[in-house]
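Structure data (mmCIF, C-alpha atoms and all ligand atoms) from my_file.cif:
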```cif
data_target
loop_
_atom_site.label_atom_id
_atom_site.label_comp_id
_atom_site.auth_asym_id
_atom_site.auth_seq_id
_atom_site.Cartn_x
_atom_site.Cartn_y
_atom_site.Cartn_z
CA MET A 246 5.50 10.96 -0.24
CA SER A 247 8.53 10.82 -2.45
CA SER A 248 6.71 11.09 -5.75
CA SER A 249 4.82 14.24 -4.95
CA THR A 250 6.15 17.60 -5.83
CA GLY A 251 4.57 18.36 -2.44
CA LYS A 252 5.70 22.01 -2.33
CA ALA A 253 3.88 24.33 0.02
CA GLN A 254 0.92 25.90 -1.74
CA ALA A 255 -0.36 29.44 -1.30
CA PRO A 256 -3.28 29.35 1.12
CA GLY A 257 -6.62 28.88 -0.62
CA TYR A 258 -4.99 27.62 -3.79
CA GLU A 259 -4.49 23.98 -4.38
CA LEU A 260 -3.10 22.11 -7.32
CA PRO A 261 -5.31 19.29 -8.62
CA TRP A 262 -4.09 16.14 -6.93
CA VAL A 263 -3.42 14.45 -10.25
CA GLU A 264 -0.73 17.06 -10.87
CA LYS A 265 0.42 17.33 -7.30
CA TYR A 266 0.96 13.57 -7.13
CA ARG A 267 2.25 13.04 -10.63
CA PRO A 268 5.26 10.72 -10.22
CA ARG A 269 8.62 12.36 -10.84
CA TYR A 270 10.68 9.18 -11.05
CA LEU A 271 10.01 5.93 -12.86
CA ARG A 272 10.28 4.04 -9.58
CA ASP A 273 7.15 5.87 -8.39
CA VAL A 274 5.03 4.91 -11.39
CA VAL A 275 2.46 2.43 -10.14
CA GLY A 276 1.60 -0.80 -11.99
CA ASN A 277 2.66 -2.14 -15.39
CA SER A 278 5.84 -3.40 -13.80
CA ALA A 279 7.20 -5.18 -16.90
CA THR A 280 6.81 -2.07 -19.07
CA VAL A 281 8.21 0.26 -16.45
CA GLU A 282 11.10 -2.14 -15.99
CA ARG A 283 11.94 -1.79 -19.68
CA LEU A 284 11.91 1.98 -19.35
CA ARG A 285 14.18 1.75 -16.36
CA ALA A 286 16.59 -0.38 -18.36
CA ILE A 287 16.65 2.38 -21.00
CA GLU A 288 17.19 4.93 -18.25
CA GLU A 289 20.20 2.99 -16.99
CA HIS A 290 21.61 2.31 -20.39
CA GLY A 291 21.12 5.87 -21.57
CA ASN A 292 20.51 5.14 -25.23
CA CYS A 293 16.85 5.83 -25.72
CA PRO A 294 15.32 4.26 -28.85
CA HIS A 295 12.30 5.80 -30.55
CA LEU A 296 9.42 4.80 -28.31
CA LEU A 297 5.73 4.22 -28.81
CA LEU A 298 3.69 3.95 -25.61
CA SER A 299 0.11 2.85 -26.00
CA GLY A 300 -2.73 2.14 -23.62
CA LEU A 301 -5.92 3.45 -22.04
CA PRO A 302 -6.13 6.99 -20.67
CA GLY A 303 -4.94 7.81 -17.17
CA ILE A 304 -2.52 4.96 -16.58
CA GLY A 305 0.80 6.77 -16.70
CA LYS A 306 1.99 6.99 -20.31
CA THR A 307 2.71 10.72 -20.40
CA THR A 308 4.06 10.57 -16.88
CA SER A 309 6.46 7.73 -17.71
CA VAL A 310 7.85 9.50 -20.78
CA HIS A 311 8.55 12.62 -18.75
CA CYS A 312 10.10 10.63 -15.91
CA LEU A 313 12.38 8.96 -18.43
CA ALA A 314 13.29 12.28 -20.06
CA HIS A 315 14.05 13.83 -16.65
CA ALA A 316 16.24 10.90 -15.70
CA LEU A 317 18.12 10.91 -18.99
CA LEU A 318 18.62 14.62 -19.39
CA GLY A 319 18.72 16.01 -15.87
CA ASP A 320 19.22 19.78 -15.95
CA ALA A 321 19.14 19.88 -19.73
CA TYR A 322 15.51 18.72 -19.66
CA LYS A 323 14.07 22.17 -20.34
CA GLU A 324 16.13 22.78 -23.42
CA ALA A 325 16.35 19.27 -24.76
CA VAL A 326 12.72 18.19 -24.67
CA LEU A 327 10.06 19.35 -27.09
CA GLU A 328 6.54 18.33 -26.16
CA LEU A 329 3.69 18.58 -28.59
CA ASN A 330 0.29 17.26 -27.61
CA ALA A 331 -3.18 17.20 -29.11
CA SER A 332 -3.83 20.80 -28.09
CA ASP A 333 -0.90 22.01 -30.22
CA ASP A 334 -1.09 22.39 -33.93
CA ARG A 335 0.63 19.32 -35.37
CA GLY A 336 -0.19 19.50 -39.03
CA ILE A 337 2.33 18.78 -41.75
CA ASP A 338 3.68 22.33 -41.67
CA VAL A 339 4.49 22.15 -37.99
CA VAL A 340 6.14 18.80 -38.41
CA ARG A 341 8.25 20.23 -41.19
CA SER A 342 9.14 23.49 -39.46
CA LYS A 343 8.95 23.25 -35.66
CA ILE A 344 10.10 19.67 -35.27
CA LYS A 345 12.85 20.06 -37.85
CA ALA A 346 14.07 23.28 -36.25
CA PHE A 347 14.20 21.59 -32.84
CA ALA A 348 16.01 18.57 -34.26
CA GLN A 349 18.64 20.83 -35.80
CA LYS A 350 19.08 22.92 -32.63
CA LYS A 351 22.41 22.55 -30.83
CA VAL A 352 22.05 21.71 -27.15
CA SER A 353 24.79 20.60 -24.81
CA LEU A 354 23.79 17.27 -23.30
CA PRO A 355 25.33 14.75 -20.96
CA PRO A 356 27.51 12.36 -23.02
CA GLY A 357 25.65 9.66 -24.92
CA ARG A 358 22.25 11.34 -24.51
CA HIS A 359 19.84 12.62 -27.12
CA LYS A 360 17.27 15.34 -27.45
CA ILE A 361 13.75 14.01 -27.01
CA ILE A 362 10.61 14.97 -28.89
CA VAL A 363 7.47 13.87 -27.06
CA LEU A 364 4.43 13.57 -29.29
CA ASP A 365 1.62 12.99 -26.84
CA GLU A 366 -1.78 11.75 -28.00
CA ALA A 367 -0.12 10.93 -31.30
CA ASP A 368 -3.18 9.01 -32.49
CA SER A 369 -4.88 12.34 -33.11
CA MET A 370 -2.22 13.35 -35.66
CA THR A 371 -3.40 13.06 -39.23
CA PRO A 372 -1.82 10.27 -41.28
CA GLY A 373 -0.37 13.00 -43.51
CA ALA A 374 1.49 14.58 -40.61
CA GLN A 375 2.66 11.16 -39.47
CA GLN A 376 3.95 10.41 -42.95
CA ALA A 377 5.91 13.65 -42.88
CA LEU A 378 7.72 12.38 -39.76
CA ARG A 379 9.11 9.22 -41.31
CA ARG A 380 12.13 10.65 -42.97
CA THR A 381 12.68 13.26 -40.25
CA MET A 382 12.94 10.48 -37.67
CA GLU A 383 15.65 8.78 -39.66
CA ILE A 384 17.65 11.83 -40.62
CA TYR A 385 17.87 13.23 -37.10
CA ALA A 386 18.08 9.92 -35.22
CA PRO A 387 21.75 10.51 -34.30
CA THR A 388 20.78 13.52 -32.18
CA THR A 389 17.05 13.29 -31.53
CA ARG A 390 14.75 10.53 -30.37
CA PHE A 391 10.96 10.48 -30.67
CA CYS A 392 8.56 9.29 -27.98
CA PHE A 393 4.97 8.79 -29.06
CA ALA A 394 2.16 8.24 -26.58
CA CYS A 395 -1.27 7.19 -27.78
CA ASN A 396 -4.45 5.42 -26.74
CA GLN A 397 -4.76 3.29 -29.85
CA SER A 398 -1.57 2.13 -31.50
CA ASN A 399 -3.47 1.10 -34.64
CA LYS A 400 -3.97 4.77 -35.44
CA ILE A 401 -0.21 5.18 -35.80
CA ILE A 402 0.92 4.43 -39.30
CA GLU A 403 2.89 1.22 -39.82
CA PRO A 404 6.16 2.87 -40.89
CA ILE A 405 6.33 4.76 -37.60
CA GLN A 406 5.40 1.68 -35.57
CA SER A 407 8.21 -0.25 -37.20
CA ARG A 408 10.73 2.44 -36.26
CA CYS A 409 9.76 2.38 -32.57
CA ALA A 410 10.08 0.11 -29.59
CA ILE A 411 6.44 -0.46 -28.67
CA LEU A 412 5.52 -0.48 -24.99
CA ARG A 413 1.99 -1.30 -23.96
CA PHE A 414 0.38 -0.10 -20.75
CA GLY A 415 -2.55 -1.98 -19.22
CA ARG A 416 -5.16 -1.01 -16.64
CA ILE A 417 -3.88 -0.56 -13.13
CA SER A 418 -5.04 -3.29 -10.76
CA ASP A 419 -7.47 -2.49 -7.97
CA GLU A 420 -4.87 -3.25 -5.30
CA GLU A 421 -2.38 -0.89 -6.86
CA LEU A 422 -4.99 1.84 -7.19
CA LEU A 423 -5.97 1.37 -3.58
CA ARG A 424 -2.38 1.52 -2.36
CA ARG A 425 -1.83 4.78 -4.19
CA LEU A 426 -5.09 6.26 -2.90
CA LEU A 427 -4.11 5.35 0.65
CA GLN A 428 -0.81 7.20 0.23
CA ILE A 429 -2.63 10.29 -1.02
CA CYS A 430 -5.22 10.09 1.77
CA GLU A 431 -2.46 10.01 4.31
CA ALA A 432 -0.60 12.93 2.75
CA GLU A 433 -3.78 15.01 2.47
CA HIS A 434 -5.32 13.94 5.80
CA VAL A 435 -8.42 12.70 4.04
CA LYS A 436 -11.12 11.14 6.20
CA TYR A 437 -12.39 7.96 4.61
CA SER A 438 -13.98 4.61 5.23
CA ASP A 439 -12.52 1.47 3.67
CA GLU A 440 -15.74 0.97 1.72
CA GLY A 441 -15.45 4.56 0.50
CA LEU A 442 -12.02 3.92 -0.99
CA ALA A 443 -13.27 0.65 -2.48
CA ALA A 444 -16.04 2.70 -4.12
CA VAL A 445 -13.48 5.12 -5.58
CA VAL A 446 -11.55 2.16 -6.99
CA PHE A 447 -14.78 0.72 -8.40
CA THR A 448 -15.67 3.97 -10.17
CA ALA A 449 -12.17 4.34 -11.63
CA GLU A 450 -12.01 1.05 -13.57
CA GLY A 451 -8.23 0.87 -13.57
CA ASP A 452 -7.76 4.54 -14.50
CA MET A 453 -5.47 6.24 -11.98
CA ARG A 454 -6.30 9.76 -13.12
CA GLN A 455 -10.00 9.09 -12.62
CA ALA A 456 -9.37 7.49 -9.23
CA VAL A 457 -7.37 10.44 -7.93
CA ASN A 458 -9.86 12.95 -9.36
CA ASN A 459 -12.82 11.13 -7.86
CA LEU A 460 -11.09 10.99 -4.50
CA GLN A 461 -10.39 14.71 -4.57
CA SER A 462 -13.91 15.62 -5.74
CA THR A 463 -15.50 13.54 -3.02
CA TRP A 464 -13.23 14.86 -0.31
CA THR A 465 -13.54 18.53 -1.27
CA GLY A 466 -17.24 18.27 -2.09
CA MET A 467 -18.51 16.14 0.79
CA GLY A 468 -15.76 16.18 3.42
CA TYR A 469 -15.83 12.41 3.89
CA VAL A 470 -15.10 9.55 1.53
CA SER A 471 -17.92 7.04 2.01
CA PRO A 472 -19.52 4.90 -0.73
CA ASP A 473 -22.70 7.02 -0.78
CA ASN A 474 -20.73 10.23 -1.19
CA VAL A 475 -18.53 8.75 -3.88
CA PHE A 476 -21.44 7.55 -5.99
CA LYS A 477 -23.26 10.85 -5.47
CA VAL A 478 -20.26 12.87 -6.63
CA CYS A 479 -19.38 10.54 -9.50
CA ASP A 480 -23.03 10.28 -10.48
CA GLN A 481 -23.01 6.56 -11.08
CA PRO A 482 -25.69 4.01 -10.15
CA HIS A 483 -25.00 2.69 -6.67
CA PRO A 484 -23.54 -0.82 -7.05
CA LEU A 485 -25.46 -2.02 -3.99
CA VAL A 486 -28.76 -1.10 -5.63
CA VAL A 487 -27.63 -2.75 -8.85
CA ARG A 488 -26.53 -5.78 -6.92
CA ASP A 489 -29.94 -5.92 -5.33
CA VAL A 490 -31.53 -6.07 -8.78
CA LEU A 491 -29.30 -9.02 -9.64
CA ASP A 492 -29.95 -10.76 -6.33
CA LYS A 493 -33.66 -10.45 -6.91
CA CYS A 494 -33.29 -11.85 -10.42
CA TYR A 495 -31.36 -14.77 -9.03
CA ALA A 496 -34.07 -15.38 -6.45
CA GLY A 497 -36.64 -15.33 -9.28
CA ARG A 498 -38.41 -12.26 -7.85
CA VAL A 499 -38.85 -10.56 -11.15
CA ASP A 500 -41.47 -8.03 -9.98
CA SER A 501 -39.35 -6.52 -7.25
CA ALA A 502 -36.30 -6.60 -9.53
CA LEU A 503 -38.24 -4.58 -12.09
CA ASP A 504 -39.40 -2.12 -9.42
CA GLN A 505 -35.83 -1.63 -8.32
CA LEU A 506 -34.74 -1.12 -11.92
CA GLU A 507 -37.46 1.47 -12.46
CA SER A 508 -36.41 3.40 -9.39
CA LEU A 509 -32.83 3.50 -10.76
CA TRP A 510 -34.17 4.68 -14.09
CA SER A 511 -36.25 7.38 -12.44
CA LEU A 512 -33.07 8.76 -10.84
CA GLY A 513 -32.02 9.70 -14.35
CA TYR A 514 -29.33 7.15 -15.09
CA SER A 515 -28.97 6.24 -18.72
CA SER A 516 -29.34 2.76 -20.08
CA LEU A 517 -25.62 2.60 -20.66
CA ASP A 518 -24.82 3.63 -17.06
CA ILE A 519 -27.07 0.89 -15.75
CA VAL A 520 -25.96 -1.85 -18.10
CA THR A 521 -22.23 -1.19 -17.58
CA THR A 522 -22.70 -1.14 -13.82
CA LEU A 523 -24.67 -4.40 -14.04
CA PHE A 524 -21.71 -5.93 -15.84
CA ARG A 525 -19.13 -4.68 -13.38
CA VAL A 526 -21.21 -5.77 -10.39
CA VAL A 527 -22.03 -9.24 -11.69
CA ARG A 528 -18.34 -9.94 -12.22
CA THR A 529 -17.64 -9.39 -8.56
CA MET A 530 -20.65 -11.33 -7.20
CA ASP A 531 -19.20 -14.37 -5.51
CA SER A 532 -22.64 -15.45 -4.36
CA LEU A 533 -23.55 -16.53 -7.89
CA PRO A 534 -22.53 -19.96 -9.13
CA GLU A 535 -19.97 -19.73 -11.93
CA ALA A 536 -22.34 -21.10 -14.59
CA VAL A 537 -25.07 -18.59 -13.71
CA LYS A 538 -22.55 -15.77 -13.70
CA LEU A 539 -21.42 -16.70 -17.19
CA GLU A 540 -24.97 -16.77 -18.51
CA TYR A 541 -25.68 -13.43 -16.85
CA ILE A 542 -22.59 -11.89 -18.40
CA ARG A 543 -23.65 -13.10 -21.81
CA GLU A 544 -27.15 -11.68 -21.47
CA ILE A 545 -25.84 -8.36 -20.16
CA GLY A 546 -23.36 -8.29 -23.03
CA TRP A 547 -26.15 -8.63 -25.57
CA THR A 548 -28.10 -5.83 -23.96
CA HIS A 549 -24.97 -3.67 -23.86
CA MET A 550 -24.56 -4.21 -27.58
CA ARG A 551 -28.17 -3.29 -28.35
CA THR A 552 -27.90 -0.22 -26.12
CA LEU A 553 -24.86 0.92 -28.07
CA GLU A 554 -26.75 0.29 -31.28
CA GLY A 555 -29.29 2.85 -30.10
CA VAL A 556 -32.02 0.89 -28.31
CA ALA A 557 -31.40 2.61 -25.00
CA THR A 558 -34.83 2.18 -23.45
CA LEU A 559 -36.23 1.06 -20.13
CA LEU A 560 -38.07 -1.67 -22.00
CA GLN A 561 -34.76 -3.08 -23.18
CA LEU A 562 -33.43 -3.17 -19.61
CA SER A 563 -36.66 -4.65 -18.31
CA ALA A 564 -36.37 -7.42 -20.89
CA LEU A 565 -32.86 -8.09 -19.63
CA VAL A 566 -34.03 -8.32 -16.05
CA ALA A 567 -36.85 -10.66 -17.08
CA ARG A 568 -34.41 -12.87 -18.94
CA LEU A 569 -32.00 -12.97 -16.02
CA ALA A 570 -34.79 -14.03 -13.69
CA LYS A 571 -35.97 -16.64 -16.19
CA LEU A 572 -32.51 -18.06 -16.82
CA VAL A 573 -32.14 -19.22 -13.26
CA ARG A 574 -35.58 -20.74 -13.20
CA MET A 575 -34.80 -22.67 -16.34
CA ARG A 576 -31.50 -23.81 -14.93
CA VAL A 577 -33.07 -24.94 -11.67
CA GLY A 578 -35.85 -26.62 -13.61
CA ALA A 579 -33.39 -28.40 -15.83
CA MET A 580 -31.31 -29.64 -12.93
CA HIS A 581 -34.17 -30.56 -10.57
CA PRO A 582 -37.24 -31.50 -12.60
CA SER A 583 -39.29 -31.92 -9.42
CA THR A 584 -38.96 -28.23 -8.47
CA ASN A 585 -40.22 -27.11 -11.82
CA GLU A 586 -43.95 -26.78 -11.20
CA HIS A 587 -43.90 -23.00 -11.64
CA VAL A 588 -42.83 -23.17 -15.30
CA ALA A 589 -46.16 -24.54 -16.40
CA GLY A 590 -46.44 -26.22 -19.75
CA HIS A 591 -42.69 -26.69 -20.23
CA GLY A 592 -41.23 -30.10 -19.56
CA PRO A 593 -37.65 -30.08 -18.32
CA SER A 594 -36.31 -31.44 -21.56
CA ALA A 595 -38.06 -28.76 -23.60
CA ILE A 596 -36.57 -26.13 -21.29
CA CYS A 597 -33.10 -27.62 -21.64
CA ALA A 598 -33.49 -27.53 -25.38
CA GLU A 599 -34.51 -23.91 -25.20
CA VAL A 600 -31.49 -22.98 -23.11
CA GLU A 601 -29.16 -24.79 -25.47
CA CYS A 602 -30.81 -23.30 -28.49
CA GLY A 603 -30.29 -19.85 -26.98
CA SER A 604 -26.64 -20.47 -26.30
CA GLU A 605 -25.82 -21.99 -29.64
CA HIS A 606 -27.62 -19.50 -31.80
CA PRO A 607 -27.12 -16.07 -30.34
CA SER A 608 -28.68 -14.42 -33.36
CA MET A 609 -31.97 -16.26 -32.82
CA HIS A 610 -31.73 -15.36 -29.20
CA THR A 611 -31.29 -11.71 -30.07
CA GLN A 612 -34.26 -11.63 -32.35
CA ARG A 613 -36.50 -13.31 -29.87
CA HIS A 614 -35.74 -10.79 -27.20
CA THR A 615 -35.16 -7.54 -29.00
CA GLY A 616 -37.15 -4.97 -27.09
N1 LIG B 1 0.95 4.55 -13.07
C1 LIG B 1 0.68 5.64 -12.36
N2 LIG B 1 1.25 5.82 -11.15
C2 LIG B 1 0.98 6.91 -10.42
N3 LIG B 1 0.16 7.91 -10.82
C3 LIG B 1 -0.43 7.80 -12.02
C4 LIG B 1 -0.20 6.66 -12.84
N4 LIG B 1 -0.92 6.80 -13.96
C5 LIG B 1 -1.56 7.96 -13.86
N5 LIG B 1 -1.29 8.57 -12.69
C6 LIG B 1 -1.88 9.83 -12.24
O1 LIG B 1 -2.77 10.26 -13.26
C7 LIG B 1 -2.30 11.47 -13.85
C8 LIG B 1 -2.38 11.35 -15.35
O2 LIG B 1 -1.47 10.41 -15.84
P1 LIG B 1 -0.90 10.44 -17.31
O3 LIG B 1 0.44 9.85 -17.30
O4 LIG B 1 -1.03 11.82 -17.86
O5 LIG B 1 -1.93 9.49 -18.05
P2 LIG B 1 -1.97 9.04 -19.57
O6 LIG B 1 -1.71 7.57 -19.54
O7 LIG B 1 -3.37 9.35 -20.01
O8 LIG B 1 -0.94 9.82 -20.32
C9 LIG B 1 -0.90 11.68 -13.35
O9 LIG B 1 -0.68 13.03 -13.10
C10 LIG B 1 -0.84 10.92 -12.05
O10 LIG B 1 -1.28 11.73 -10.99
MG MG B 2 -1.33 11.36 -21.68
#
```
With the file now loaded, output its structure as structure tokens.
Ligand SMILES: Nc1ncnc2c1ncn2[C@@H]1O[C@H](COP(=O)(O)OP(=O)(O)O)[C@@H](O)[C@H]1O
Ligand SMILES: [Mg+2]
Amino acid sequence: MSSSTGKAQAPGYELPWVEKYRPRYLRDVVGNSATVERLRAIEEHGNCPHLLLSGLPGIGKTTSVHCLAHALLGDAYKEAVLELNASDDRGIDVVRSKIKAFAQKKVSLPPGRHKIIVLDEADSMTPGAQQALRRTMEIYAPTTRFCFACNQSNKIIEPIQSRCAILRFGRISDEELLRRLLQICEAEHVKYSDEGLAAVVFTAEGDMRQAVNNLQSTWTGMGYVSPDNVFKVCDQPHPLVVRDVLDKCYAGRVDSALDQLESLWSLGYSSLDIVTTLFRVVRTMDSLPEAVKLEYIREIGWTHMRTLEGVATLLQLSALVARLAKLVRMRVGAMHPSTNEHVAGHGPSAICAEVECGSEHPSMHTQRHTG
């Protein structure tokens, strides 16, 4: 494939696929088409402003900056690009000495081009070091441009943000991830099933680096990319089992849902693993009516919050499962009073009131159910 460096490797030694298939040209960067389009406009125009790229990990920020620098500088890339990332020392002294020295260095460049300083993972620079950059950026702007890449743009001080063109990167869509994985599978002769690749996409959550790494781990570790192998290698709860828990809740079979939950728990998955998988699975369950799905998402959201607050127990998850099973019963009861015999002692109107009360006063709801 065109984007791969794809050079022949020494036998027995293989580059990680994330490096092997790191795009070389902006046209090969997958997803975020509007943002990449802006970068391509800069590439064509040649006059690179100071840039600030922000977004989640593994979606192509570092790659895009390097593609742009390659395109702008060509053979001068080696001399005219200074990259400093979180693993380099980037305190105030370095900013003052190393960056200044590079900015003052004379390099012969194609006409109209500038030297580029790439500050990767810039959100890990101390505010002091960032402050020290302000004036430097202005003084050397005629010859040197700065490209910052970070996960959270709010950790970059305002004065730097206002000097940069800000480009935001979003998650990569499942289709785009899948397309890329298919290309890699073909190039690497990977044996896979369609469900296996869907599982890789599911585990990656829009993160291309994770997707490619999971694909490689599964292929090298198990020799075949099937859903079971993927979830084994990635050590995540199997979505089908999680889906089963939800199906059972929806059918009102709370006992078997709890059994299923306990068996997941006994496999060693943490509360957070289970609750995040519940959320991701419920979103994709077309078998649930929209209203039920929304209520489920809200309940799972509450449990997620409590788990993050530290109540990461099986009891907490069991309470969630019980509530999910109960929600549907209440809904059915409210809609069809005649089918409501099993909720003894609660008239339909009382149940409706309870549901509404829960939805309007989440705090009461939380207190009632805190496990
Ligand atoms: N948009 C993308 N298109 C193609 N490959 C990508 C993309 N984003 C990430 N990758 C893959 O993931 C690896 C890491 O990407 P990188 O640009 O370093 O991510 P980050 O956004 O964290 O800086 C790359 O080497 C490449 O293999
Ligand atoms: Mg990066």
- Item | Residue among A:Val457, A:Leu364, A:Leu506, A:Leu327 lying closest to ligand LIG 1 (chain B), counting only C-alpha atoms and all ligand atoms |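 Between A:Val457, A:Leu364, A:Leu506, A:Leu327, the residue approaching ligand LIG 1 (chain B) most closely is A:Val457.
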- Using all atoms listed in the file, find each residue with an atom at most 8 Å away from ligand MG 2 (chain B) and format the answer as a ChimeraX atom specification. /A:302-303,305-308,365-366,394-395
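Reported to one decimal place, the separation of atom CA of A:Cys494 from atom CA of A:Asp473 is 23.7 Å.
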- Message: Give me, as a ChimeraX atom specification, all polymer residues having an atom no more than 10 Å from A:Glu433, counting all atoms listed in the file and skipping those fewer than 5 positions away in the same chain.
- Response: /A:262,427-428,461,464
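Across the structure, atom CA of A:Pro372 and atom CA of A:Ile402 are spaced 6.7 Å apart.
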- Message: List the spatial neighbours of stretch 479-490 of chain A as a ChimeraX atom specification - criterion: any atom at most 7 Å away, all atoms listed in the file, same-chain residues fewer than 2 positions off excluded.
- Response: /A:459,475-477,492-494,502,505-506,514,518-519,522-523,526
- Query: Can you tell me, as a ChimeraX atom specification, what residues are no more than 12 Å from A:Ser332 when counting all atoms listed in the file, ignoring any on the same chain fewer than 2 positions away?
  - Reply: /A:328-330,334-336,364-367,369-370
Those selected residues, please, written with C-alpha atoms and delivered as a PDB file, in the frame of the given file.
```
ATOM      1  CA  GLU A 328       6.540  18.330 -26.160  1.00  0.00           C
ATOM      2  CA  LEU A 329       3.690  18.580 -28.590  1.00  0.00           C
ATOM      3  CA  ASN A 330       0.290  17.260 -27.610  1.00  0.00           C
ATOM      4  CA  ASP A 334      -1.090  22.390 -33.930  1.00  0.00           C
ATOM      5  CA  ARG A 335       0.630  19.320 -35.370  1.00  0.00           C
ATOM      6  CA  GLY A 336      -0.190  19.500 -39.030  1.00  0.00           C
ATOM      7  CA  LEU A 364       4.430  13.570 -29.290  1.00  0.00           C
ATOM      8  CA  ASP A 365       1.620  12.990 -26.840  1.00  0.00           C
ATOM      9  CA  GLU A 366      -1.780  11.750 -28.000  1.00  0.00           C
ATOM     10  CA  ALA A 367      -0.120  10.930 -31.300  1.00  0.00           C
ATOM     11  CA  SER A 369      -4.880  12.340 -33.110  1.00  0.00           C
ATOM     12  CA  MET A 370      -2.220  13.350 -35.660  1.00  0.00           C
TER      13      MET A 370
END
```
So for ligand LIG 1 (chain B), what box centre and size do we get, axis-aligned, 5 Å extra on each of the six sides, every listed atom, Å to one decimal, as AutoDock Vina command-line options?
```
--center_x -1.1 --center_y 8.8 --center_z -15.4 --size_x 14.6 --size_y 18.5 --size_z 19.9
```
- Item | Separation of atom CA of A:Glu450 from atom CA of A:Ile304 in Å |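 Between atom CA of A:Ile304 and atom CA of A:Glu450 the gap works out to 10.7 Å.
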- For ligand LIG 1 (chain B), which residue out of A:Leu422, A:Met467, A:Cys430, A:Ala346 is the nearest one, using all atoms listed in the file?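 With all atoms listed in the file as the atom set, the closest residue is A:Leu422.
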- Can you tell me, as a ChimeraX atom specification, what residues are no more than 9 Å from A:Ile287 when counting only C-alpha atoms, ignoring any on the same chain fewer than 5 positions away? /A:282,292-294,313,317
- Message: Neighbouring residues of A:Gln561 were defined as those with any atom within 12 Å, considering all atoms listed in the file; residues of the same chain fewer than 4 positions away were excluded. Please report them as a ChimeraX atom specification.
- Response: /A:503,506-507,510,515-517,519-520,544-545,547-557,565-568,611,614-616
How would the residues just picked look written out with C-alpha atoms as a PDB file, keeping the file's coordinate frame?
```
ATOM      1  CA  LEU A 503     -38.240  -4.580 -12.090  1.00  0.00           C
ATOM      2  CA  LEU A 506     -34.740  -1.120 -11.920  1.00  0.00           C
ATOM      3  CA  GLU A 507     -37.460   1.470 -12.460  1.00  0.00           C
ATOM      4  CA  TRP A 510     -34.170   4.680 -14.090  1.00  0.00           C
ATOM      5  CA  SER A 515     -28.970   6.240 -18.720  1.00  0.00           C
ATOM      6  CA  SER A 516     -29.340   2.760 -20.080  1.00  0.00           C
ATOM      7  CA  LEU A 517     -25.620   2.600 -20.660  1.00  0.00           C
ATOM      8  CA  ILE A 519     -27.070   0.890 -15.750  1.00  0.00           C
ATOM      9  CA  VAL A 520     -25.960  -1.850 -18.100  1.00  0.00           C
ATOM     10  CA  GLU A 544     -27.150 -11.680 -21.470  1.00  0.00           C
ATOM     11  CA  ILE A 545     -25.840  -8.360 -20.160  1.00  0.00           C
ATOM     12  CA  TRP A 547     -26.150  -8.630 -25.570  1.00  0.00           C
ATOM     13  CA  THR A 548     -28.100  -5.830 -23.960  1.00  0.00           C
ATOM     14  CA  HIS A 549     -24.970  -3.670 -23.860  1.00  0.00           C
ATOM     15  CA  MET A 550     -24.560  -4.210 -27.580  1.00  0.00           C
ATOM     16  CA  ARG A 551     -28.170  -3.290 -28.350  1.00  0.00           C
ATOM     17  CA  THR A 552     -27.900  -0.220 -26.120  1.00  0.00           C
ATOM     18  CA  LEU A 553     -24.860   0.920 -28.070  1.00  0.00           C
ATOM     19  CA  GLU A 554     -26.750   0.290 -31.280  1.00  0.00           C
ATOM     20  CA  GLY A 555     -29.290   2.850 -30.100  1.00  0.00           C
ATOM     21  CA  VAL A 556     -32.020   0.890 -28.310  1.00  0.00           C
ATOM     22  CA  ALA A 557     -31.400   2.610 -25.000  1.00  0.00           C
ATOM     23  CA  LEU A 565     -32.860  -8.090 -19.630  1.00  0.00           C
ATOM     24  CA  VAL A 566     -34.030  -8.320 -16.050  1.00  0.00           C
ATOM     25  CA  ALA A 567     -36.850 -10.660 -17.080  1.00  0.00           C
ATOM     26  CA  ARG A 568     -34.410 -12.870 -18.940  1.00  0.00           C
ATOM     27  CA  THR A 611     -31.290 -11.710 -30.070  1.00  0.00           C
ATOM     28  CA  HIS A 614     -35.740 -10.790 -27.200  1.00  0.00           C
ATOM     29  CA  THR A 615     -35.160  -7.540 -29.000  1.00  0.00           C
ATOM     30  CA  GLY A 616     -37.150  -4.970 -27.090  1.00  0.00           C
TER      31      GLY A 616
END
```
- Note on the structure: Judged by only C-alpha atoms and all ligand atoms, the minimum distance to ligand LIG 1 (chain B) among A:Arg454, A:Lys400, A:Arg379, A:Lys323 is found for A:Arg454
